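What follows is data14.cif (mmCIF, C-alpha atoms).
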data_protein
#
loop_
_atom_site.label_atom_id
_atom_site.label_comp_id
_atom_site.auth_asym_id
_atom_site.auth_seq_id
_atom_site.Cartn_x
_atom_site.Cartn_y
_atom_site.Cartn_z
CA MET Z 1 -6.16 -2.11 -25.22
CA GLN Z 2 -5.70 1.57 -24.48
CA THR Z 3 -3.34 2.29 -21.62
CA GLN Z 4 -3.27 5.59 -19.81
CA LYS Z 5 0.06 7.23 -20.47
CA VAL Z 6 0.57 9.72 -17.68
CA GLU Z 7 2.75 12.75 -17.19
CA PRO Z 8 5.69 11.39 -15.18
CA LYS Z 9 5.15 12.02 -11.50
CA ASN Z 10 6.97 10.76 -8.48
CA VAL Z 11 5.18 7.95 -6.64
CA MET Z 12 8.04 6.90 -4.37
CA GLY Z 13 8.87 9.08 -1.44
CA THR Z 14 8.47 12.72 -0.58
CA ILE Z 15 10.55 15.84 -0.72
CA ARG Z 16 11.97 16.61 2.70
CA GLU Z 17 10.85 19.83 4.39
CA GLY Z 18 14.21 20.67 5.91
CA LEU Z 19 17.45 19.43 7.39
CA HIS Z 20 16.74 20.49 10.97
CA LYS Z 21 16.95 16.95 12.28
CA LYS Z 22 18.36 13.58 11.35
CA ILE Z 23 15.66 11.22 10.04
CA ARG Z 24 15.33 7.49 10.25
CA THR Z 25 15.71 5.65 6.95
CA ILE Z 26 14.13 2.37 5.90
CA SER Z 27 15.68 -0.34 8.03
CA LEU Z 28 17.50 -3.16 6.30
CA LEU Z 29 14.76 -5.68 5.63
CA ASP Z 30 14.98 -9.34 6.52
CA MET Z 31 15.50 -11.53 3.48
CA PRO Z 32 12.63 -13.94 2.73
CA ALA Z 33 13.41 -17.18 0.91
CA TRP Z 34 12.46 -15.89 -2.53
CA LEU Z 35 14.89 -12.98 -2.22
CA TYR Z 36 17.87 -15.31 -2.05
CA GLN Z 37 16.83 -16.67 -5.44
CA ALA Z 38 16.68 -13.11 -6.79
CA GLU Z 39 20.47 -12.85 -6.49
CA SER Z 40 20.80 -14.82 -9.73
CA LEU Z 41 18.45 -12.57 -11.72
CA PRO Z 42 19.85 -10.50 -14.62
CA ASN Z 43 20.67 -6.85 -13.87
CA ARG Z 44 20.68 -7.50 -10.13
CA ASN Z 45 22.44 -4.75 -8.15
CA PHE Z 46 24.53 -5.59 -5.10
CA LEU Z 47 24.96 -2.89 -2.46
CA THR Z 48 26.78 -2.51 0.83
CA ASN Z 49 24.73 -1.65 3.90
CA SER Z 50 25.91 1.95 3.70
CA GLU Z 51 25.02 2.27 0.02
CA LYS Z 52 21.57 0.84 0.73
CA GLU Z 53 21.06 3.39 3.49
CA LEU Z 54 21.89 6.25 1.10
CA ILE Z 55 19.51 4.83 -1.53
CA ASP Z 56 16.73 4.60 1.06
CA LEU Z 57 17.28 8.22 2.10
CA ILE Z 58 17.17 9.45 -1.50
CA ARG Z 59 14.06 7.35 -2.28
CA LYS Z 60 12.17 8.67 0.70
CA ASN Z 61 13.22 12.30 0.66
CA GLY Z 62 14.44 13.43 -2.77
CA GLU Z 63 17.78 14.90 -3.80
CA TYR Z 64 20.71 15.12 -1.40
CA SER Z 65 24.12 16.74 -1.40
CA LYS Z 66 27.15 15.10 0.19
CA ALA Z 67 26.78 17.45 3.15
CA ASP Z 68 23.13 16.44 3.57
CA LEU Z 69 23.96 12.74 3.50
CA THR Z 70 26.80 13.23 5.98
CA ALA Z 71 24.49 15.09 8.36
CA PHE Z 72 21.64 12.60 8.06
CA THR Z 73 23.67 9.38 8.38
CA GLY Z 74 26.48 10.42 10.71
CA TYR Z 75 29.00 8.86 8.35
CA SER Z 76 32.27 10.63 7.58
CA ARG Z 77 32.52 12.68 4.40
CA THR Z 78 35.15 10.25 3.14
CA LYS Z 79 32.78 7.33 3.50
CA ILE Z 80 29.91 9.24 1.87
CA THR Z 81 32.16 10.14 -1.06
CA SER Z 82 33.17 6.50 -1.47
CA CYS Z 83 29.55 5.32 -1.44
CA ILE Z 84 28.46 7.97 -3.92
CA GLU Z 85 31.28 7.11 -6.31
CA SER Z 86 30.30 3.44 -6.14
CA LEU Z 87 26.61 4.19 -6.77
CA LEU Z 88 27.48 6.50 -9.67
CA LYS Z 89 29.65 3.77 -11.18
CA LYS Z 90 26.78 1.29 -10.85
CA LYS Z 91 24.52 3.91 -12.52
CA ILE Z 92 22.01 3.69 -9.68
CA ILE Z 93 22.23 7.41 -8.92
CA ILE Z 94 23.03 10.48 -11.00
CA ALA Z 95 24.66 13.82 -10.16
CA ASN Z 96 22.47 16.87 -10.73
CA ASN Z 97 23.39 20.47 -11.45
CA ALA Z 98 24.83 22.46 -8.60
CA THR Z 99 22.28 24.00 -6.24
CA GLU Z 100 22.59 27.42 -4.61
CA TYR Z 101 22.51 27.29 -0.83
CA SER Z 102 21.83 30.23 1.47
CA GLY Z 103 25.51 30.43 2.40
CA GLY Z 104 26.49 31.06 -1.20
CA ARG Z 105 28.24 27.74 -1.78
CA ARG Z 106 27.14 25.61 -4.68
CA SER Z 107 26.97 21.81 -4.19
CA LYS Z 108 25.96 18.98 -6.46
CA THR Z 109 22.99 16.93 -5.42
CA PHE Z 110 22.36 13.26 -6.14
CA SER Z 111 19.14 11.46 -7.06
CA LEU Z 112 18.04 8.08 -8.34
CA ASN Z 113 18.75 7.34 -11.98
CA GLY Z 114 15.39 6.76 -13.68
CA GLU Z 115 17.12 5.26 -16.72
CA SER Z 116 18.61 2.37 -14.74
CA GLY Z 117 15.43 0.27 -14.78
CA LEU Z 118 11.68 -0.11 -14.50
CA VAL Z 119 9.32 -1.43 -11.84
CA ALA Z 120 5.68 -2.47 -12.10
CA GLY Z 121 2.89 -2.43 -9.54
CA VAL Z 122 -0.07 -4.83 -9.81
CA ASP Z 123 -3.07 -4.39 -7.54
CA ILE Z 124 -5.37 -7.42 -7.80
CA GLY Z 125 -8.69 -6.71 -6.14
CA ALA Z 126 -11.80 -8.81 -5.73
CA THR Z 127 -13.32 -7.29 -8.87
CA SER Z 128 -10.48 -5.50 -10.69
CA ILE Z 129 -6.88 -5.44 -11.86
CA ASP Z 130 -4.96 -2.17 -11.63
CA LEU Z 131 -1.44 -1.81 -13.03
CA GLY Z 132 1.26 0.84 -13.21
CA VAL Z 133 4.82 1.11 -14.51
CA ALA Z 134 7.40 3.52 -13.09
CA ASP Z 135 11.09 4.16 -13.59
CA PHE Z 136 13.72 3.77 -10.87
CA ALA Z 137 13.36 7.42 -9.91
CA GLY Z 138 9.72 6.75 -8.98
CA ARG Z 139 8.13 8.54 -11.94
CA LEU Z 140 4.84 6.87 -12.90
CA LEU Z 141 4.92 6.37 -16.66
CA VAL Z 142 1.73 4.50 -17.53
CA ARG Z 143 -1.43 3.19 -15.82
CA TYR Z 144 -4.19 0.78 -16.78
CA ALA Z 145 -7.17 -0.79 -15.00
CA GLU Z 146 -9.99 -3.13 -15.95
CA PRO Z 147 -12.68 -5.24 -14.26
CA ALA Z 148 -11.69 -8.77 -13.31
CA PHE Z 149 -12.95 -11.32 -10.81
CA VAL Z 150 -10.34 -12.86 -8.55
CA LYS Z 151 -12.60 -15.88 -7.99
CA ASP Z 152 -11.88 -16.88 -11.62
CA GLY Z 153 -8.64 -18.35 -10.29
CA PRO Z 154 -4.90 -17.70 -10.53
CA ILE Z 155 -4.30 -19.08 -14.01
CA LYS Z 156 -6.77 -16.73 -15.64
CA ILE Z 157 -6.12 -13.67 -13.47
CA LEU Z 158 -2.31 -13.87 -13.44
CA GLY Z 159 -2.30 -14.64 -17.15
CA ARG Z 160 -4.41 -11.58 -17.81
CA ALA Z 161 -2.32 -9.34 -15.54
CA CYS Z 162 0.93 -10.43 -17.20
CA SER Z 163 -0.56 -10.05 -20.66
CA LEU Z 164 -1.73 -6.52 -19.82
CA LEU Z 165 1.66 -5.61 -18.40
CA GLU Z 166 3.41 -6.93 -21.49
CA LYS Z 167 1.14 -4.81 -23.72
CA MET Z 168 1.63 -1.73 -21.56
CA LEU Z 169 5.39 -2.00 -21.99
CA HIS Z 170 5.18 -2.64 -25.73
CA GLU Z 171 2.65 0.11 -26.51
CA ASN Z 172 4.67 2.70 -24.61
CA GLY Z 173 8.09 1.80 -25.99
CA LEU Z 174 9.38 0.39 -22.70
CA ASN Z 175 11.90 -2.45 -22.77
CA PRO Z 176 10.65 -5.57 -20.89
CA GLU Z 177 14.27 -6.53 -20.19
CA LYS Z 178 14.60 -3.40 -18.07
CA LEU Z 179 11.67 -4.47 -15.88
CA ASN Z 180 13.65 -5.38 -12.77
CA GLY Z 181 10.90 -5.60 -10.18
CA ILE Z 182 7.18 -6.30 -9.86
CA GLY Z 183 5.16 -5.71 -6.69
CA ILE Z 184 1.80 -7.49 -6.40
CA GLY Z 185 -0.99 -6.91 -3.91
CA VAL Z 186 -3.62 -9.64 -3.47
CA PRO Z 187 -6.86 -9.64 -1.40
CA GLY Z 188 -6.04 -12.45 1.01
CA PRO Z 189 -3.65 -13.57 3.76
CA VAL Z 190 -0.10 -13.94 2.41
CA ASP Z 191 2.83 -15.96 3.71
CA PHE Z 192 5.30 -13.23 2.83
CA SER Z 193 8.42 -15.39 3.15
CA ALA Z 194 7.01 -17.85 0.59
CA GLY Z 195 5.13 -15.34 -1.56
CA THR Z 196 1.95 -17.43 -1.51
CA LEU Z 197 -1.62 -17.03 -0.28
CA VAL Z 198 -2.82 -19.10 2.67
CA SER Z 199 -6.47 -20.23 2.65
CA PRO Z 200 -7.84 -17.00 1.15
CA PRO Z 201 -11.61 -16.97 1.78
CA ILE Z 202 -12.68 -15.17 -1.42
CA MET Z 203 -10.01 -16.64 -3.75
CA PRO Z 204 -10.76 -20.26 -4.68
CA GLY Z 205 -7.78 -22.00 -6.24
CA TRP Z 206 -5.20 -19.49 -4.99
CA ASP Z 207 -4.14 -21.33 -1.81
CA GLY Z 208 -0.41 -22.02 -2.13
CA TYR Z 209 -0.37 -21.13 -5.82
CA PRO Z 210 3.17 -20.20 -7.05
CA ILE Z 211 2.49 -16.57 -7.97
CA ILE Z 212 6.14 -15.53 -8.08
CA GLN Z 213 7.23 -18.37 -10.36
CA THR Z 214 4.24 -17.86 -12.66
CA VAL Z 215 4.93 -14.16 -13.16
CA GLN Z 216 8.66 -14.74 -13.63
CA GLN Z 217 7.88 -17.03 -16.56
CA TRP Z 218 6.59 -13.90 -18.31
CA PHE Z 219 9.23 -11.53 -16.97
CA PRO Z 220 12.43 -13.47 -16.17
CA SER Z 221 14.45 -10.34 -15.35
CA ALA Z 222 12.08 -9.19 -12.61
CA ASN Z 223 12.18 -9.87 -8.89
CA VAL Z 224 8.54 -10.48 -7.91
CA VAL Z 225 7.23 -9.53 -4.45
CA VAL Z 226 3.75 -10.53 -3.22
CA ASP Z 227 1.92 -9.11 -0.21
CA ASN Z 228 -1.58 -8.62 1.15
CA ASP Z 229 -3.39 -5.80 -0.63
CA VAL Z 230 -4.03 -3.78 2.53
CA ASN Z 231 -0.34 -3.87 3.49
CA VAL Z 232 0.44 -2.64 0.00
CA MET Z 233 -2.11 0.18 0.28
CA ALA Z 234 -0.60 1.21 3.62
CA LEU Z 235 2.76 1.40 1.90
CA GLY Z 236 1.22 3.62 -0.76
CA GLU Z 237 -0.21 5.95 1.87
CA ILE Z 238 3.11 6.56 3.67
CA ASN Z 239 4.89 7.20 0.39
CA GLN Z 240 2.41 9.38 -1.47
CA GLY Z 241 -0.77 9.76 0.56
CA ALA Z 242 -2.04 11.21 3.81
CA GLY Z 243 0.61 9.31 5.76
CA LYS Z 244 3.67 10.97 4.21
CA GLY Z 245 6.27 11.30 6.95
CA VAL Z 246 4.23 9.28 9.48
CA ASP Z 247 6.13 6.45 11.16
CA ASN Z 248 3.28 4.75 13.06
CA LEU Z 249 0.06 4.38 11.12
CA ILE Z 250 -2.91 2.06 10.64
CA PHE Z 251 -4.48 1.90 7.20
CA VAL Z 252 -8.02 0.47 7.23
CA LYS Z 253 -9.62 -0.79 4.03
CA ILE Z 254 -13.40 -1.04 4.17
CA GLY Z 255 -14.85 -2.78 1.14
CA THR Z 256 -16.32 -6.21 0.60
CA GLY Z 257 -14.19 -7.15 3.60
CA ILE Z 258 -12.37 -5.16 6.26
CA GLY Z 259 -8.65 -5.33 6.88
CA SER Z 260 -5.81 -3.17 8.07
CA GLY Z 261 -2.18 -2.58 7.25
CA ILE Z 262 0.13 -1.62 10.10
CA ILE Z 263 3.08 0.71 9.65
CA CYS Z 264 5.39 0.47 12.66
CA GLU Z 265 8.49 2.66 12.79
CA GLY Z 266 8.17 3.30 9.05
CA ASN Z 267 7.93 -0.34 7.96
CA ILE Z 268 5.08 -2.75 7.31
CA TYR Z 269 4.46 -4.92 10.35
CA ARG Z 270 3.34 -8.37 9.20
CA GLY Z 271 3.58 -10.37 12.42
CA SER Z 272 5.18 -13.78 12.85
CA SER Z 273 3.04 -15.49 10.19
CA GLY Z 274 2.23 -12.55 7.92
CA CYS Z 275 -1.40 -12.10 8.99
CA ALA Z 276 -1.13 -9.06 11.28
CA GLY Z 277 -3.90 -6.55 10.72
CA ASP Z 278 -6.78 -8.94 9.99
CA ILE Z 279 -9.20 -6.85 12.01
CA GLY Z 280 -12.24 -7.90 9.97
CA HIS Z 281 -12.54 -11.04 12.09
CA ILE Z 282 -12.41 -9.39 15.49
CA SER Z 283 -15.73 -10.10 17.20
CA VAL Z 284 -17.95 -7.11 17.97
CA ASN Z 285 -21.16 -9.02 18.69
CA LYS Z 286 -21.04 -12.70 19.58
CA SER Z 287 -24.75 -12.99 18.76
CA GLY Z 288 -24.34 -11.23 15.43
CA PRO Z 289 -24.63 -12.62 11.88
CA LEU Z 290 -22.60 -15.58 10.69
CA CYS Z 291 -19.33 -14.60 9.01
CA HIS Z 292 -17.81 -16.54 6.12
CA CYS Z 293 -14.94 -17.46 8.48
CA GLY Z 294 -17.42 -19.58 10.50
CA ASN Z 295 -17.69 -17.31 13.54
CA ARG Z 296 -20.50 -14.96 14.47
CA GLY Z 297 -20.46 -11.21 14.88
CA CYS Z 298 -17.15 -10.42 13.14
CA LEU Z 299 -16.58 -6.76 12.28
CA GLU Z 300 -16.61 -7.63 8.57
CA ALA Z 301 -20.00 -9.33 8.89
CA LEU Z 302 -21.47 -6.22 10.53
CA ALA Z 303 -19.75 -3.27 8.85
CA GLY Z 304 -18.37 -4.49 5.52
CA GLY Z 305 -19.95 -3.31 2.28
CA PRO Z 306 -22.32 -6.30 1.86
CA ALA Z 307 -23.45 -6.04 5.50
CA ILE Z 308 -24.25 -2.35 5.11
CA ALA Z 309 -26.24 -3.03 1.95
CA GLU Z 310 -28.06 -5.94 3.63
CA ARG Z 311 -29.20 -3.85 6.62
CA ALA Z 312 -30.39 -1.12 4.26
CA LEU Z 313 -32.25 -3.72 2.19
CA MET Z 314 -34.06 -5.01 5.27
CA ALA Z 315 -35.15 -1.47 6.11
CA ALA Z 316 -36.41 -0.90 2.56
CA GLN Z 317 -38.33 -4.19 2.42
CA ALA Z 318 -39.86 -3.51 5.84
CA GLY Z 319 -41.28 -0.24 4.56
CA LYS Z 320 -39.18 1.88 6.92
CA SER Z 321 -37.47 3.88 4.16
CA PRO Z 322 -39.26 5.09 1.02
CA ILE Z 323 -35.97 6.51 -0.31
CA LEU Z 324 -34.07 3.23 0.05
CA LEU Z 325 -37.07 1.43 -1.47
CA LYS Z 326 -36.91 3.79 -4.45
CA HIS Z 327 -33.23 2.95 -5.01
CA TYR Z 328 -34.00 -0.74 -4.55
CA GLU Z 329 -36.63 -0.70 -7.27
CA MET Z 330 -34.56 1.47 -9.62
CA ASN Z 331 -31.63 -0.97 -9.35
CA GLY Z 332 -33.66 -4.05 -10.25
CA LYS Z 333 -34.44 -5.26 -6.75
CA THR Z 334 -30.96 -4.80 -5.29
CA LEU Z 335 -29.09 -2.27 -3.14
CA HIS Z 336 -25.43 -1.28 -3.07
CA THR Z 337 -23.43 0.70 -0.52
CA GLU Z 338 -23.46 3.65 -2.94
CA ASP Z 339 -27.25 3.67 -2.70
CA VAL Z 340 -27.07 3.86 1.07
CA GLY Z 341 -24.75 6.85 0.83
CA ASP Z 342 -27.03 8.55 -1.70
CA ALA Z 343 -30.07 7.95 0.51
CA ALA Z 344 -28.26 9.41 3.52
CA ARG Z 345 -27.38 12.52 1.54
CA GLU Z 346 -31.09 12.82 0.70
CA GLY Z 347 -31.79 12.89 4.43
CA ASP Z 348 -33.07 9.31 4.84
CA ALA Z 349 -33.10 8.48 8.56
CA GLN Z 350 -32.67 4.71 8.10
CA ALA Z 351 -29.65 5.12 5.79
CA ILE Z 352 -28.09 7.60 8.21
CA GLU Z 353 -28.56 5.17 11.09
CA VAL Z 354 -27.04 2.25 9.13
CA ILE Z 355 -23.95 4.33 8.32
CA ARG Z 356 -23.62 5.70 11.85
CA GLU Z 357 -23.95 2.23 13.38
CA SER Z 358 -21.36 0.81 10.98
CA GLY Z 359 -18.95 3.59 11.93
CA GLN Z 360 -19.49 2.77 15.59
CA PHE Z 361 -18.69 -0.93 15.02
CA ILE Z 362 -15.47 0.02 13.21
CA GLY Z 363 -14.62 2.65 15.82
CA ASP Z 364 -15.05 0.14 18.65
CA VAL Z 365 -12.39 -2.11 17.12
CA LEU Z 366 -10.07 0.76 16.22
CA ALA Z 367 -10.30 2.15 19.76
CA GLY Z 368 -8.73 -1.05 21.07
CA LEU Z 369 -5.99 -0.81 18.47
CA VAL Z 370 -5.32 2.81 19.39
CA ASN Z 371 -4.96 1.93 23.06
CA PHE Z 372 -2.65 -0.96 22.20
CA PHE Z 373 -0.55 0.47 19.35
CA ASN Z 374 -0.79 4.26 19.83
CA PRO Z 375 -0.55 5.23 16.13
CA GLU Z 376 -0.03 8.79 14.92
CA MET Z 377 -2.65 8.39 12.23
CA ILE Z 378 -5.46 6.12 11.03
CA VAL Z 379 -6.22 6.32 7.31
CA ILE Z 380 -9.56 5.00 6.08
CA GLY Z 381 -9.74 3.72 2.50
CA GLY Z 382 -11.63 1.26 0.33
CA GLY Z 383 -14.89 1.44 -1.61
CA VAL Z 384 -17.11 2.04 1.42
CA THR Z 385 -15.52 5.44 1.96
CA ASN Z 386 -17.98 6.72 -0.66
CA LEU Z 387 -20.46 6.83 2.23
CA GLY Z 388 -18.74 10.10 3.07
CA ASN Z 389 -18.07 12.16 6.17
CA LEU Z 390 -20.96 10.66 8.14
CA LEU Z 391 -19.03 7.38 8.31
CA LEU Z 392 -15.75 9.11 9.15
CA SER Z 393 -17.29 11.25 11.89
CA SER Z 394 -18.92 8.20 13.47
CA ILE Z 395 -15.59 6.35 13.50
CA ARG Z 396 -13.80 9.37 14.96
CA GLN Z 397 -16.36 9.97 17.68
CA THR Z 398 -16.31 6.33 18.78
CA VAL Z 399 -12.49 6.14 18.84
CA LEU Z 400 -12.20 9.38 20.80
CA THR Z 401 -14.84 8.22 23.28
CA ARG Z 402 -13.47 4.73 23.87
CA SER Z 403 -9.69 5.32 23.71
CA THR Z 404 -7.52 6.89 26.39
CA SER Z 405 -7.00 10.64 26.19
CA LEU Z 406 -3.21 10.29 25.90
CA ALA Z 407 -3.47 7.85 22.99
CA THR Z 408 -5.81 10.18 21.08
CA ARG Z 409 -4.21 13.51 22.00
CA ASP Z 410 -2.39 13.85 18.67
CA LEU Z 411 -4.21 11.14 16.73
CA GLN Z 412 -5.47 11.96 13.23
CA ILE Z 413 -8.25 9.90 11.61
CA VAL Z 414 -8.62 10.77 7.94
CA PHE Z 415 -9.82 9.44 4.61
CA SER Z 416 -7.20 8.27 2.11
CA GLU Z 417 -5.87 11.05 -0.13
CA ILE Z 418 -4.89 8.72 -2.98
CA CYS Z 419 -7.94 6.41 -2.84
CA SER Z 420 -7.85 3.96 -5.77
CA ASP Z 421 -4.19 4.79 -6.47
CA ALA Z 422 -2.99 3.51 -3.10
CA GLY Z 423 -2.67 -0.12 -4.24
CA VAL Z 424 -0.61 0.59 -7.36
CA ILE Z 425 1.60 3.19 -5.67
CA GLY Z 426 2.18 0.80 -2.79
CA ALA Z 427 2.96 -2.11 -5.12
CA LEU Z 428 5.53 0.00 -6.99
CA ASN Z 429 7.21 0.90 -3.70
CA LEU Z 430 7.07 -2.72 -2.54
CA ALA Z 431 9.00 -3.71 -5.66
CA MET Z 432 11.60 -1.01 -5.00
CA ASP Z 433 12.01 -2.06 -1.36
CA TYR Z 434 13.43 -5.37 -2.55
CA MET Z 435 15.23 -4.17 -5.67
CA PHE Z 436 18.76 -4.52 -4.30
CA THR Z 437 20.77 -7.35 -2.74
CA LEU Z 438 23.00 -6.54 0.22
CA SER Z 439 26.55 -7.74 -0.35
CA ASN Z 440 28.21 -9.55 2.52
CA ASN Z 441 31.03 -7.09 3.00
CA SER Z 442 32.44 -7.74 6.45
CA ALA Z 443 35.18 -5.16 5.89
CA GLU Z 444 32.75 -2.28 5.65
CA SER Z 445 32.77 0.09 8.56
CA ASN Z 446 29.46 1.18 9.99
CA GLY Z 447 30.68 4.64 10.98
CA GLU Z 448 33.76 6.58 9.97
#
Translate the structure of the given file into structure tokens.
Amino acid sequence: MQTQKVEPKNVMGTIREGLHKKIRTISLLDMPAWLYQAESLPNRNFLTNSEKELIDLIRKNGEYSKADLTAFTGYSRTKITSCIESLLKKKIIIANNATEYSGGRRSKTFSLNGESGLVAGVDIGATSIDLGVADFAGRLLVRYAEPAFVKDGPIKILGRACSLLEKMLHENGLNPEKLNGIGIGVPGPVDFSAGTLVSPPIMPGWDGYPIIQTVQQWFPSANVVVDNDVNVMALGEINQGAGKGVDNLIFVKIGTGIGSGIICEGNIYRGSSGCAGDIGHISVNKSGPLCHCGNRGCLEALAGGPAIAERALMAAQAGKSPILLKHYEMNGKTLHTEDVGDAAREGDAQAIEVIRESGQFIGDVLAGLVNFFNPEMIVIGGGVTNLGNLLLSSIRQTVLTRSTSLATRDLQIVFSEICSDAGVIGALNLAMDYMFTLSNNSAESNGE
């Protein structure tokens, strides 16, 4: 196996543009059941609420001086100094060389200590496994991807993913005992508090399967976090993609299926049962084709990748499109979404209409979400984005037409900037979100 060793680059957070205003940090996350068990893991770090807030600021925005941290948190300088000394002693952060400020004073800055541990991100798709390993400072060290079919079941797929991860660590001289966290994205509805899939339609054998326990048999030092793949991709986008610095965002993945990840006030919104964002089964035509969920006219059944290819195939077989027919015959009597995009770029009217209509279906659903949620940005990702700007423009036009003017006044609708990297980057950040345990320190002051 040949892994892709990469030049270290930061995949967690962004460099802040200035200190003109106080920013909101990641809120302290509710502890799911599996996180209580993580307290007994080796190398587990326990932090106070204040220390966690400083870590979140540094993760999201880069290096900070004591003065920066005081200004951003509102804590006293004495309290900031105490937190920094504690984090330095725990080797979670490091002090950097003094930095020249415009006033002439030189102050040390503090950043995460990359040597303190490793995290892994695993993006399990319907037809692939994509993995990455980063250090605690967010530098991506190695990547690897290969085809795999999730329908082969959890034993085979998880076994392969863990085997690949083990080889990646070994071949790149990385110590498995320093792997303290693993984030995993899976293409199905996840009960986040239990870390298990719930009746996933395209994943036979995965319902209720103990993913966390299985992976921890391979990597006993690691806290394992499992979430829906679209949530994970949304997390990737706000950390390293088009959504950097955006607090309210909808990420839409258009592939074999259609789903969305919701970022609300900077955090993933999962809903009461963990299934928020399942827009693929919103009805857009009650007389439409039968969906695999059992209902008719779902968005996924009309505008997902297979539905787009099917409508193009019907046009080709009916003799309405010589260009689509040419692709059909060249591909051995089959059509893919890529063929539809290619035909549209060749000027084929039927392909253009299929893409435009699909964008309208998606835009109709997103318009309702825009009116309800009022996001700052919608990011479109997934394999169907290879259809290009014709799809994006159709989505935009429909949303702008069918949403209120106030809700769309500042709305951006864009393609993903990190594309196939979104899942791995998001999974790495998911692991880091749950890397630390909050100590129950009732004596800690929240202010001065």
Q: Convert the output of the PyMOL selection byres ((chain Z and resi 385-397) around 8) on the shown file into explicit residues, formatted as a PyMOL selection string.
A: chain Z and resi 254+337-338+340-342+352+355-360+362-363+380-384+398-401+413-415
Q.
With the PyMOL selection byres ((chain Z and resi 147) around 6) as the selection, what would be picked from this file? Answer as a ChimeraX atom specification, please.
A. /Z:127-128,146,148
Q: Mind giving me the straight-line distance from atom CA of Z:Val198 to atom CA of Z:Met233 in Å, one decimal?
A: 19.4 Å
Report, as JSON, the centre and edge lengths in Å (one decimal) of the axis-aligned box enclosing every listed atom of stretch 349-367 of chain Z, padded by 6 Å on each side.
{"center_x": -21.6, "center_y": 3.2, "center_z": 12.8, "size_x": 35.0, "size_y": 22.6, "size_z": 26.0}
Q.
Just want the 12 Å neighbourhood of Z:Ser405, counted on only C-alpha atoms, with same-chain residues fewer than 4 positions away dropped. Output as a list in words.
A. Ala367, Val370, Asn371, Asn374, Val399, Leu400, Thr401, Arg409, Asp410 and Leu411 of chain Z
Selected residues written out, C-alpha atoms, as a short mmCIF file (atom, residue, chain, number, x, y, z; two decimals), keeping the file's coordinate frame:
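Contents of part_18.cif, as written:
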data_model
loop_
_atom_site.label_atom_id
_atom_site.label_comp_id
_atom_site.auth_asym_id
_atom_site.auth_seq_id
_atom_site.Cartn_x
_atom_site.Cartn_y
_atom_site.Cartn_z
CA ALA Z 367 -10.30 2.15 19.76
CA VAL Z 370 -5.32 2.81 19.39
CA ASN Z 371 -4.96 1.93 23.06
CA ASN Z 374 -0.79 4.26 19.83
CA VAL Z 399 -12.49 6.14 18.84
CA LEU Z 400 -12.20 9.38 20.80
CA THR Z 401 -14.84 8.22 23.28
CA ARG Z 409 -4.21 13.51 22.00
CA ASP Z 410 -2.39 13.85 18.67
CA LEU Z 411 -4.21 11.14 16.73
#
Q. Of the candidates Z:Pro375, Z:Pro210, Z:Gly332, Z:Gly259, which shows the shortest atom-to-atom distance to Z:Glu300, using only C-alpha atoms?
A.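 Smallest separation from Z:Glu300 among the options: Z:Gly259.
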